[in-house]
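J.: Can you read through this structure? Questions will come right after.
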Amino acid sequence: MSEATDRPADGDAWADACAEDLAAEKARRRAEYGPQPGSAAEELRKLVDAVADKVSSLQSPLLGVAAQGAVQQAIRQARSAVEPVIERNPQVFDHLAAAGNELLAAYRSAVEGQESRWTRTAADPAKSAGKSTEKAAADPSDPRDEGRDEGPSGTERIDLD
């Protein structure tokens, strides 16, 4: 008998091998890095539970029984307010998380652009000294420049308005 007839023809061998490799790689990564984070809704639920547990575990002698009861009541109310929203709209939290990531990327881009302009100006002291001299000549009555010692390298005032 040949090798081809010994195996059952139940599917694509290449797809089966790829699926096995992918499962093995996922298992390896789970073992190395831990479980993957869940959806944003699941993570919010975990956060609420963790905060509630932490607040509940804080037993301070300064807080009376009434204050601890009030804290427990506030935790129950927060949890009861969050749970229905998570149950009805779990995908909303995924969208909000994605939007937050986009805002963070936009902020980083703006900051990196501004930093590159600052470092480019600082890297060429002749240019920055010329600019500050031109600014001083254009507006000698600027009160923020009075009494400043520019020194040999000069300084540049950054106007944030």
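Here, A, B, ... name the chains of the structure tokens in the order displayed, residue numbers run from 1 inside each chain, and ligands are numbered from 1 in the same displayed order.
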List as a list in words the protein and nucleic acid residues near A:Val51, meaning an atom at most 9 Å away when only C-alpha atoms are counted, but skip any in the same chain fewer than 5 places from it.

T.: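 With the cut-off at 9 Å, the set is Lys46, Ser56 and Ile75 of chain A.
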
J.: Nearest to A:Asn89 among A:Ala41, A:Thr119, A:Val71, A:Asp53, with distances taken over only C-alpha atoms: which residue is it?

T.: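 Nearest candidate to A:Asn89 out of A:Ala41, A:Thr119, A:Val71, A:Asp53: A:Ala41.
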